[in-house]
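K.L.:
Provided below: entry_9.cif, containing mmCIF, C-alpha atoms.
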```cif
data_final
#
loop_
_atom_site.group_PDB
_atom_site.id
_atom_site.type_symbol
_atom_site.label_atom_id
_atom_site.label_comp_id
_atom_site.auth_asym_id
_atom_site.auth_seq_id
_atom_site.Cartn_x
_atom_site.Cartn_y
_atom_site.Cartn_z
ATOM 1 C CA MET A 748 -15.262 -16.238 20.154
ATOM 2 C CA ASP A 749 -13.943 -16.568 23.709
ATOM 3 C CA GLN A 750 -10.727 -14.664 22.981
ATOM 4 C CA ALA A 751 -12.475 -11.384 22.094
ATOM 5 C CA ARG A 752 -12.214 -8.699 24.753
ATOM 6 C CA PRO A 753 -13.599 -5.155 25.193
ATOM 7 C CA LEU A 754 -11.656 -2.310 23.606
ATOM 8 C CA PRO A 755 -8.934 -0.688 25.714
ATOM 9 C CA ALA A 756 -10.247 2.322 27.599
ATOM 10 C CA TYR A 757 -8.017 4.793 25.732
ATOM 11 C CA LEU A 758 -9.527 3.776 22.377
ATOM 12 C CA ILE A 759 -13.051 4.131 23.715
ATOM 13 C CA GLN A 760 -12.194 7.591 25.040
ATOM 14 C CA ARG A 761 -10.735 8.607 21.675
ATOM 15 C CA PHE A 762 -13.845 7.387 19.881
ATOM 16 C CA HIS A 763 -16.137 9.451 22.083
ATOM 17 C CA GLY A 764 -13.859 12.454 21.605
ATOM 18 C CA TRP A 765 -14.011 12.020 17.805
ATOM 19 C CA ARG A 766 -17.784 11.644 17.819
ATOM 20 C CA ALA A 767 -18.245 14.737 19.967
ATOM 21 C CA THR A 768 -15.989 16.898 17.794
ATOM 22 C CA THR A 769 -15.078 15.793 14.266
ATOM 23 C CA TRP A 770 -18.229 13.782 13.594
ATOM 24 C CA GLN A 771 -20.548 16.260 15.282
ATOM 25 C CA ASP A 772 -19.121 19.153 13.274
ATOM 26 C CA ASN A 773 -19.334 17.236 9.984
ATOM 27 C CA LYS A 774 -22.210 14.789 10.465
ATOM 28 C CA ALA A 775 -24.017 15.933 7.331
ATOM 29 C CA TRP A 776 -20.918 15.058 5.303
ATOM 30 C CA TYR A 777 -20.598 11.641 6.931
ATOM 31 C CA ARG A 778 -24.268 10.889 6.266
ATOM 32 C CA ARG A 779 -23.866 11.947 2.660
ATOM 33 C CA LEU A 780 -20.907 9.586 2.277
ATOM 34 C CA ALA A 781 -22.898 6.759 3.828
ATOM 35 C CA GLU A 782 -25.935 7.295 1.606
ATOM 36 C CA ALA A 783 -24.213 8.139 -1.689
ATOM 37 C CA GLY A 784 -21.548 5.451 -1.492
ATOM 38 C CA GLN A 785 -17.838 5.852 -2.032
ATOM 39 C CA MET A 786 -16.396 7.478 -5.128
ATOM 40 C CA PRO A 787 -12.644 7.702 -4.449
ATOM 41 C CA ARG A 788 -10.462 9.301 -7.079
ATOM 42 C CA ALA A 789 -7.397 7.234 -6.266
ATOM 43 C CA MET A 790 -6.331 3.897 -4.864
ATOM 44 C CA ILE A 791 -3.306 4.008 -2.565
ATOM 45 C CA ILE A 792 -1.298 0.821 -2.021
ATOM 46 C CA SER A 793 1.036 1.255 0.932
ATOM 47 C CA CYS A 794 2.794 -0.579 3.723
ATOM 48 C CA CYS A 795 1.098 -1.644 6.954
ATOM 49 C CA ASP A 796 3.798 0.282 8.829
ATOM 50 C CA SER A 797 2.112 2.475 11.450
ATOM 51 C CA ARG A 798 4.448 5.363 10.595
ATOM 52 C CA VAL A 799 3.049 5.664 7.062
ATOM 53 C CA HIS A 800 -0.048 7.848 7.464
ATOM 54 C CA VAL A 801 -1.354 8.178 3.925
ATOM 55 C CA THR A 802 -4.274 10.516 4.571
ATOM 56 C CA SER A 803 -2.077 12.902 6.562
ATOM 57 C CA ILE A 804 0.648 13.015 3.900
ATOM 58 C CA PHE A 805 -1.841 14.135 1.252
ATOM 59 C CA GLY A 806 -4.327 15.940 3.470
ATOM 60 C CA ALA A 807 -7.108 13.634 2.303
ATOM 61 C CA ASP A 808 -10.670 13.616 3.564
ATOM 62 C CA GLU A 809 -12.889 10.604 4.143
ATOM 63 C CA GLY A 810 -14.052 9.095 0.874
ATOM 64 C CA GLU A 811 -11.163 10.461 -1.177
ATOM 65 C CA PHE A 812 -8.792 7.456 -1.154
ATOM 66 C CA PHE A 813 -9.404 3.739 -1.507
ATOM 67 C CA ILE A 814 -6.536 2.465 0.647
ATOM 68 C CA HIS A 815 -5.026 -1.011 0.654
ATOM 69 C CA ARG A 816 -2.157 -1.840 2.991
ATOM 70 C CA ASN A 817 0.053 -4.898 3.194
ATOM 71 C CA ILE A 818 3.599 -5.825 4.185
ATOM 72 C CA ALA A 819 5.960 -3.529 2.217
ATOM 73 C CA GLY A 820 3.111 -2.228 0.030
ATOM 74 C CA LEU A 821 3.713 -4.871 -2.638
ATOM 75 C CA VAL A 822 1.534 -5.889 -5.582
ATOM 76 C CA PRO A 823 1.903 -9.521 -6.682
ATOM 77 C CA PRO A 824 1.674 -10.522 -10.349
ATOM 78 C CA PHE A 825 -1.677 -11.522 -11.853
ATOM 79 C CA ASN A 826 -2.304 -15.134 -10.772
ATOM 80 C CA PRO A 827 -5.939 -16.289 -11.069
ATOM 81 C CA ASP A 828 -5.446 -19.666 -9.360
ATOM 82 C CA GLY A 829 -8.602 -19.592 -7.251
ATOM 83 C CA GLN A 830 -6.692 -19.044 -4.001
ATOM 84 C CA TYR A 831 -6.826 -16.165 -1.544
ATOM 85 C CA HIS A 832 -5.488 -12.916 -3.050
ATOM 86 C CA GLY A 833 -6.351 -9.896 -0.911
ATOM 87 C CA THR A 834 -4.228 -7.365 -2.769
ATOM 88 C CA SER A 835 -5.311 -8.562 -6.208
ATOM 89 C CA ALA A 836 -8.947 -8.431 -5.089
ATOM 90 C CA ALA A 837 -8.504 -4.853 -3.887
ATOM 91 C CA VAL A 838 -6.930 -3.825 -7.202
ATOM 92 C CA GLU A 839 -9.717 -5.528 -9.159
ATOM 93 C CA TYR A 840 -12.413 -3.803 -7.109
ATOM 94 C CA ALA A 841 -10.739 -0.405 -7.375
ATOM 95 C CA VAL A 842 -10.360 -0.586 -11.152
ATOM 96 C CA THR A 843 -13.486 -2.439 -12.265
ATOM 97 C CA ALA A 844 -16.066 -1.384 -9.656
ATOM 98 C CA LEU A 845 -14.906 1.955 -8.269
ATOM 99 C CA ARG A 846 -13.198 2.964 -11.524
ATOM 100 C CA VAL A 847 -10.505 4.984 -9.777
ATOM 101 C CA ALA A 848 -8.526 7.383 -11.942
ATOM 102 C CA HIS A 849 -5.183 6.722 -10.247
ATOM 103 C CA ILE A 850 -3.342 3.879 -8.546
ATOM 104 C CA VAL A 851 -0.503 5.086 -6.338
ATOM 105 C CA VAL A 852 2.074 2.626 -4.984
ATOM 106 C CA LEU A 853 3.734 4.211 -1.957
ATOM 107 C CA GLY A 854 6.970 2.842 -0.521
ATOM 108 C CA HIS A 855 8.781 4.226 2.509
ATOM 109 C CA SER A 856 12.077 4.435 4.354
ATOM 110 C CA ASN A 857 13.094 1.993 7.097
ATOM 111 C CA CYS A 858 10.643 -0.637 5.865
ATOM 112 C CA GLY A 859 10.869 -3.744 8.030
ATOM 113 C CA GLY A 860 9.469 -5.994 5.322
ATOM 114 C CA VAL A 861 12.079 -4.909 2.798
ATOM 115 C CA LYS A 862 14.853 -5.297 5.386
ATOM 116 C CA GLY A 863 13.544 -8.803 6.070
ATOM 117 C CA CYS A 864 13.672 -9.658 2.368
ATOM 118 C CA HIS A 865 17.223 -8.318 2.163
ATOM 119 C CA ASP A 866 18.295 -10.459 5.103
ATOM 120 C CA MET A 867 16.429 -13.512 3.814
ATOM 121 C CA CYS A 868 18.116 -13.265 0.410
ATOM 122 C CA LEU A 869 21.481 -13.117 2.157
ATOM 123 C CA GLY A 870 20.623 -16.237 4.162
ATOM 124 C CA HIS A 871 20.502 -14.314 7.433
ATOM 125 C CA ALA A 872 16.798 -14.868 8.170
ATOM 126 C CA PRO A 873 16.105 -18.620 8.111
ATOM 127 C CA GLU A 874 12.757 -18.090 9.825
ATOM 128 C CA LEU A 875 11.558 -16.233 6.727
ATOM 129 C CA GLU A 876 12.782 -18.976 4.401
ATOM 130 C CA ALA A 877 10.465 -21.530 6.008
ATOM 131 C CA GLN A 878 7.475 -22.403 3.830
ATOM 132 C CA SER A 879 5.264 -21.752 6.858
ATOM 133 C CA SER A 880 6.294 -18.069 6.968
ATOM 134 C CA PHE A 881 3.564 -15.886 5.520
ATOM 135 C CA VAL A 882 5.890 -12.878 5.585
ATOM 136 C CA GLY A 883 8.711 -14.738 3.872
ATOM 137 C CA ARG A 884 6.551 -16.059 1.055
ATOM 138 C CA TRP A 885 5.014 -12.606 0.567
ATOM 139 C CA MET A 886 8.446 -11.000 0.409
ATOM 140 C CA ASP A 887 9.441 -13.446 -2.336
ATOM 141 C CA ILE A 888 7.715 -10.922 -4.601
ATOM 142 C CA LEU A 889 10.662 -8.588 -3.959
ATOM 143 C CA ARG A 890 13.453 -11.099 -4.680
ATOM 144 C CA PRO A 891 14.028 -9.589 -8.163
ATOM 145 C CA GLY A 892 14.749 -6.305 -6.390
ATOM 146 C CA PHE A 893 17.558 -7.977 -4.471
ATOM 147 C CA ASP A 894 19.068 -9.173 -7.732
ATOM 148 C CA ARG A 895 18.725 -5.750 -9.360
ATOM 149 C CA THR A 896 20.598 -4.100 -6.499
ATOM 150 C CA ALA A 897 23.529 -6.549 -6.649
ATOM 151 C CA PRO A 898 26.012 -3.738 -7.470
ATOM 152 C CA LEU A 899 25.284 -2.363 -3.989
ATOM 153 C CA ALA A 900 26.218 -5.600 -2.188
ATOM 154 C CA GLY A 901 27.682 -4.712 1.194
ATOM 155 C CA ASP A 902 26.524 -1.104 0.899
ATOM 156 C CA PRO A 903 24.086 0.057 3.644
ATOM 157 C CA GLY A 904 22.204 1.878 0.887
ATOM 158 C CA ARG A 905 21.127 -1.396 -0.684
ATOM 159 C CA VAL A 906 18.071 -1.707 1.588
ATOM 160 C CA ARG A 907 16.887 1.765 0.608
ATOM 161 C CA ALA A 908 17.415 0.872 -3.049
ATOM 162 C CA MET A 909 15.310 -2.247 -2.479
ATOM 163 C CA GLU A 910 12.564 -0.120 -0.919
ATOM 164 C CA LYS A 911 12.349 1.772 -4.185
ATOM 165 C CA GLN A 912 12.558 -1.440 -6.194
ATOM 166 C CA ALA A 913 9.503 -2.637 -4.265
ATOM 167 C CA VAL A 914 7.589 0.251 -5.835
ATOM 168 C CA VAL A 915 8.941 -0.410 -9.335
ATOM 169 C CA ILE A 916 8.240 -4.160 -9.159
ATOM 170 C CA SER A 917 4.706 -3.451 -7.951
ATOM 171 C CA LEU A 918 4.125 -1.122 -10.905
ATOM 172 C CA GLU A 919 5.443 -3.824 -13.241
ATOM 173 C CA ASN A 920 3.165 -6.411 -11.637
ATOM 174 C CA LEU A 921 0.148 -4.127 -11.977
ATOM 175 C CA MET A 922 0.725 -4.237 -15.716
ATOM 176 C CA THR A 923 0.155 -8.023 -15.673
ATOM 177 C CA PHE A 924 -3.521 -7.486 -14.729
ATOM 178 C CA PRO A 925 -5.644 -7.429 -17.923
ATOM 179 C CA PHE A 926 -8.195 -4.992 -16.500
ATOM 180 C CA VAL A 927 -5.415 -2.588 -15.483
ATOM 181 C CA ARG A 928 -3.916 -2.655 -18.980
ATOM 182 C CA GLU A 929 -7.371 -2.115 -20.492
ATOM 183 C CA ALA A 930 -8.086 0.878 -18.251
ATOM 184 C CA LEU A 931 -4.676 2.353 -19.097
ATOM 185 C CA ALA A 932 -5.270 1.871 -22.813
ATOM 186 C CA ASP A 933 -8.640 3.614 -22.497
ATOM 187 C CA GLU A 934 -6.971 6.465 -20.585
ATOM 188 C CA ARG A 935 -9.267 5.863 -17.627
ATOM 189 C CA LEU A 936 -6.388 5.077 -15.291
ATOM 190 C CA SER A 937 -2.838 6.176 -14.536
ATOM 191 C CA LEU A 938 -0.185 4.515 -12.371
ATOM 192 C CA HIS A 939 2.157 6.346 -10.010
ATOM 193 C CA GLY A 940 5.113 5.194 -7.911
ATOM 194 C CA LEU A 941 6.126 7.117 -4.802
ATOM 195 C CA TRP A 942 8.618 6.682 -1.982
ATOM 196 C CA THR A 943 8.514 8.692 1.238
ATOM 197 C CA ASP A 944 11.256 9.347 3.756
ATOM 198 C CA THR A 945 9.292 9.201 6.984
ATOM 199 C CA GLY A 946 12.035 10.810 9.072
ATOM 200 C CA ALA A 947 12.853 13.688 6.726
ATOM 201 C CA GLY A 948 9.308 14.258 5.470
ATOM 202 C CA GLY A 949 10.444 13.848 1.865
ATOM 203 C CA LEU A 950 8.543 12.453 -1.083
ATOM 204 C CA GLU A 951 9.964 11.115 -4.347
ATOM 205 C CA GLN A 952 8.195 9.866 -7.458
ATOM 206 C CA TYR A 953 9.302 7.286 -9.966
ATOM 207 C CA ASP A 954 10.216 8.751 -13.345
ATOM 208 C CA PRO A 955 10.347 6.076 -16.064
ATOM 209 C CA ALA A 956 12.286 8.436 -18.335
ATOM 210 C CA VAL A 957 15.292 8.181 -16.035
ATOM 211 C CA ASP A 958 14.327 4.861 -14.450
ATOM 212 C CA GLY A 959 14.730 6.431 -11.038
ATOM 213 C CA PHE A 960 13.103 8.498 -8.335
ATOM 214 C CA VAL A 961 13.055 12.289 -8.272
ATOM 215 C CA ALA A 962 11.950 14.669 -5.514
ATOM 216 C CA VAL A 963 8.389 15.958 -5.672
#
```
Would you mind writing the file's structure down as structure tokens?

P.N.:
Amino acid sequence: MDQARPLPAYLIQRFHGWRATTWQDNKAWYRRLAEAGQMPRAMIISCCDSRVHVTSIFGADEGEFFIHRNIAGLVPPFNPDGQYHGTSAAVEYAVTALRVAHIVVLGHSNCGGVKGCHDMCLGHAPELEAQSSFVGRWMDILRPGFDRTAPLAGDPGRVRAMEKQAVVISLENLMTFPFVREALADERLSLHGLWTDTGAGGLEQYDPAVDGFVAV
């Protein structure tokens, strides 16, 4: 692979700093994790956005969360067509192999993927409408959220409403997976929808009783 290059110096320095401090102070714990295998209590599905730092938000330690990240933190519907399905594979592994007790879908404010879907649905992002756009075809999952927020057409708040719809649609799509429904029926699993305001440090959870999000 001729294009591979050495790590930037600042990353190498940070690694050595981590190994000399955090790892050195907790090396018995790291070795235990390595030997015993992972037993996370929850799977977190969140956006790739670098501002969404899941372990910091919840103060989680290594081995506590099984984390899957993708554009806008979306879950597609169950579609066993033999093609590549990274998110579906992660959900399957979490539920059937790791037997996590919780799946948390975490949306966030100022999501670029959701904004792109909003613009694409308005016809303002032709580059995303091209069949060759991986981002555009992925964000097709959220098109129902654009339709559901039609009453907010022209309102700047529509994008934020779509961010929350991304969480709701992902929860709905999780229910199309047979092994998720089975685990829910057996009371081995629970689903949770969250949305975080990265600027204000807020966290809201989806409440199906009101079909909306309430502050945690």

K.L.:
Closest to His849 of chain A among A:Ala872, A:Ala947, A:Ile791, A:Val822, using all atoms listed in the file?

P.N.:
A:Ile791

K.L.:
Any chance you could resolve the PyMOL selection byres ((chain A and resi 835) around 10) against this file and give the residues as a PyMOL selection string?

P.N.:
chain A and resi 822-827+831-834+836-841+921+924

K.L.:
Going by the chain IDs and residue numbers used in this file, which residues fall under the PyMOL selection byres ((chain A and resi 821) around 9)? Write them as a list of chain:residue names.

P.N.:
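In the shown coordinates, the PyMOL selection byres ((chain A and resi 821) around 9) covers A:Ile792, A:Ser793, A:Cys794, A:Arg816, A:Asn817, A:Ile818, A:Ala819, A:Gly820, A:Val822, A:Pro823, A:Thr834, A:Val852, A:Gly854, A:Trp885, A:Met886, A:Ile888, A:Leu889, A:Ala913, A:Val914, A:Ile916, A:Ser917.
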
K.L.:
Do you know which residues are at most 10 Å from Leu950 of chain A counting all atoms listed in the file, after dropping those on the same chain fewer than 3 positions away, and could you put them as number ranges by chain?

P.N.:
A: 804, 853-855, 941-945, 947, 960-963

K.L.:
Contacts between segment 780-789 of chain A and segment 841-894 of chain A, please, where a residue of segment 841-894 of chain A counts if it comes within 8 Å (with only C-alpha atoms); show its shortest atom pair and distance in Å to one decimal, rows by chain and ascending number, as a tab-separated table.

P.N.:
```
residue	atom	partner	partner_atom	distance
A:Leu845	CA	A:Met786	CA	6.5
A:Val847	CA	A:Arg788	CA	5.1
A:Ala848	CA	A:Arg788	CA	5.6
A:His849	CA	A:Ala789	CA	4.6
A:Ile850	CA	A:Ala789	CA	5.7
A:Val851	CA	A:Ala789	CA	7.2
```

K.L.:
To one decimal place in Å, what is the distance between atom CA of Met909 of chain A and atom CA of Gly806 of chain A?

P.N.:
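Atom CA of Gly806 of chain A lies 27.4 Å from atom CA of Met909 of chain A.
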
K.L.:
May I ask for the distance between atom CA of Gln952 of chain A and atom CA of Gly940 of chain A, given in Å to one decimal place?

P.N.:
5.6 Å

K.L.:
Report the distance between atom CA of Pro955 of chain A and atom CA of Arg907 of chain A in Å, rounded to one decimal place.

P.N.:
18.4 Å

K.L.:
May I have the centre and edge lengths, in Å to one decimal, of an axis-aligned box around the listed atoms of segment 863-866 of chain A with 4 Å added to every side, as AutoDock Vina command-line options?

P.N.:
```
--center_x 15.9 --center_y -9.4 --center_z 4.1 --size_x 12.8 --size_y 10.1 --size_z 11.9
```

K.L.:
Between A:Asn857, A:Thr896, A:Gln912, A:Ser879, which is the closest to Ser797 of chain A once you count all atoms listed in the file?

P.N.:
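Nearest to Ser797 of chain A: A:Asn857.
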
K.L.:
Taking only C-alpha atoms into account, name the residue in A:Ala756, A:Ala844, A:Cys858, A:Gln830 that is nearest to Asp796 of chain A.

P.N.:
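Going through A:Ala756, A:Ala844, A:Cys858, A:Gln830 one by one, the smallest distance to Asp796 of chain A is for A:Cys858.
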
K.L.:
Considering all atoms listed in the file, state which residue in the set A:Glu919, A:Asp887, A:Asp866, A:Glu929 is at the smallest distance from Arg846 of chain A.

P.N.:
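Using all atoms listed in the file, the shortest distance to Arg846 of chain A belongs to A:Glu929.
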
K.L.:
Between A:Met790, A:Val882, A:Ser856, A:Lys774, which has the minimum distance to His815 of chain A (counting all atoms listed in the file)?

P.N.:
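When distances to His815 of chain A are compared using all atoms listed in the file, the smallest one comes from A:Met790.
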
K.L.:
Going by the chain IDs and residue numbers used in this file, which residues fall under the PyMOL selection byres ((chain A and resi 869) around 12)? Write them as a PDB file with C-alpha atoms, in the coordinates of the input.

P.N.:
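So the final result, stored in part-v2.pdb, reads:
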```pdb
ATOM      1  CA  LYS A 862      14.853  -5.297   5.386  1.00  0.00           C
ATOM      2  CA  GLY A 863      13.544  -8.803   6.070  1.00  0.00           C
ATOM      3  CA  CYS A 864      13.672  -9.658   2.368  1.00  0.00           C
ATOM      4  CA  HIS A 865      17.223  -8.318   2.163  1.00  0.00           C
ATOM      5  CA  ASP A 866      18.295 -10.459   5.103  1.00  0.00           C
ATOM      6  CA  MET A 867      16.429 -13.512   3.814  1.00  0.00           C
ATOM      7  CA  CYS A 868      18.116 -13.265   0.410  1.00  0.00           C
ATOM      8  CA  GLY A 870      20.623 -16.237   4.162  1.00  0.00           C
ATOM      9  CA  HIS A 871      20.502 -14.314   7.433  1.00  0.00           C
ATOM     10  CA  ALA A 872      16.798 -14.868   8.170  1.00  0.00           C
ATOM     11  CA  PRO A 873      16.105 -18.620   8.111  1.00  0.00           C
ATOM     12  CA  LEU A 875      11.558 -16.233   6.727  1.00  0.00           C
ATOM     13  CA  GLU A 876      12.782 -18.976   4.401  1.00  0.00           C
ATOM     14  CA  ARG A 890      13.453 -11.099  -4.680  1.00  0.00           C
ATOM     15  CA  PHE A 893      17.558  -7.977  -4.471  1.00  0.00           C
ATOM     16  CA  ASP A 894      19.068  -9.173  -7.732  1.00  0.00           C
ATOM     17  CA  ALA A 897      23.529  -6.549  -6.649  1.00  0.00           C
ATOM     18  CA  ALA A 900      26.218  -5.600  -2.188  1.00  0.00           C
ATOM     19  CA  GLY A 901      27.682  -4.712   1.194  1.00  0.00           C
ATOM     20  CA  VAL A 906      18.071  -1.707   1.588  1.00  0.00           C
TER      21      VAL A 906
END
```

K.L.:
Give me segment 922-940 of chain A with N, CA and C atoms filled in, as a CSV table (one decimal), keeping the file's coordinate frame.

P.N.:
```csv
chain,number,residue,atom,x,y,z
A,922,MET,N,0.9,-4.1,-14.3
A,922,MET,CA,0.7,-4.2,-15.7
A,922,MET,C,0.4,-5.7,-16.2
A,923,THR,N,0.5,-6.7,-15.3
A,923,THR,CA,0.2,-8.0,-15.7
A,923,THR,C,-1.3,-8.3,-15.5
A,924,PHE,N,-2.1,-7.3,-14.9
A,924,PHE,CA,-3.5,-7.5,-14.7
A,924,PHE,C,-4.2,-7.0,-16.0
A,925,PRO,N,-5.0,-7.8,-16.7
A,925,PRO,CA,-5.6,-7.4,-17.9
A,925,PRO,C,-6.5,-6.2,-17.8
A,926,PHE,N,-7.3,-6.1,-16.7
A,926,PHE,CA,-8.2,-5.0,-16.5
A,926,PHE,C,-7.4,-3.7,-16.2
A,927,VAL,N,-6.2,-3.8,-15.7
A,927,VAL,CA,-5.4,-2.6,-15.5
A,927,VAL,C,-4.9,-2.1,-16.8
A,928,ARG,N,-4.4,-3.0,-17.6
A,928,ARG,CA,-3.9,-2.7,-19.0
A,928,ARG,C,-5.0,-2.1,-19.8
A,929,GLU,N,-6.2,-2.6,-19.7
A,929,GLU,CA,-7.4,-2.1,-20.5
A,929,GLU,C,-7.7,-0.7,-20.1
A,930,ALA,N,-7.8,-0.5,-18.8
A,930,ALA,CA,-8.1,0.9,-18.3
A,930,ALA,C,-7.0,1.9,-18.6
A,931,LEU,N,-5.7,1.5,-18.7
A,931,LEU,CA,-4.7,2.4,-19.1
A,931,LEU,C,-4.8,2.7,-20.6
A,932,ALA,N,-5.1,1.7,-21.4
A,932,ALA,CA,-5.3,1.9,-22.8
A,932,ALA,C,-6.4,2.8,-23.1
A,933,ASP,N,-7.5,2.7,-22.3
A,933,ASP,CA,-8.6,3.6,-22.5
A,933,ASP,C,-8.5,5.0,-21.9
A,934,GLU,N,-7.3,5.2,-21.3
A,934,GLU,CA,-7.0,6.5,-20.6
A,934,GLU,C,-7.9,6.8,-19.5
A,935,ARG,N,-8.4,5.7,-18.8
A,935,ARG,CA,-9.3,5.9,-17.6
A,935,ARG,C,-8.5,5.8,-16.3
A,936,LEU,N,-7.2,5.4,-16.5
A,936,LEU,CA,-6.4,5.1,-15.3
A,936,LEU,C,-4.9,5.5,-15.5
A,937,SER,N,-4.3,5.9,-14.5
A,937,SER,CA,-2.8,6.2,-14.5
A,937,SER,C,-2.2,5.6,-13.3
A,938,LEU,N,-0.9,5.1,-13.5
A,938,LEU,CA,-0.2,4.5,-12.4
A,938,LEU,C,0.9,5.5,-11.9
A,939,HIS,N,1.2,5.4,-10.6
A,939,HIS,CA,2.2,6.3,-10.0
A,939,HIS,C,2.9,5.6,-8.9
A,940,GLY,N,4.3,5.8,-8.9
A,940,GLY,CA,5.1,5.2,-7.9
A,940,GLY,C,5.7,6.3,-7.0
```
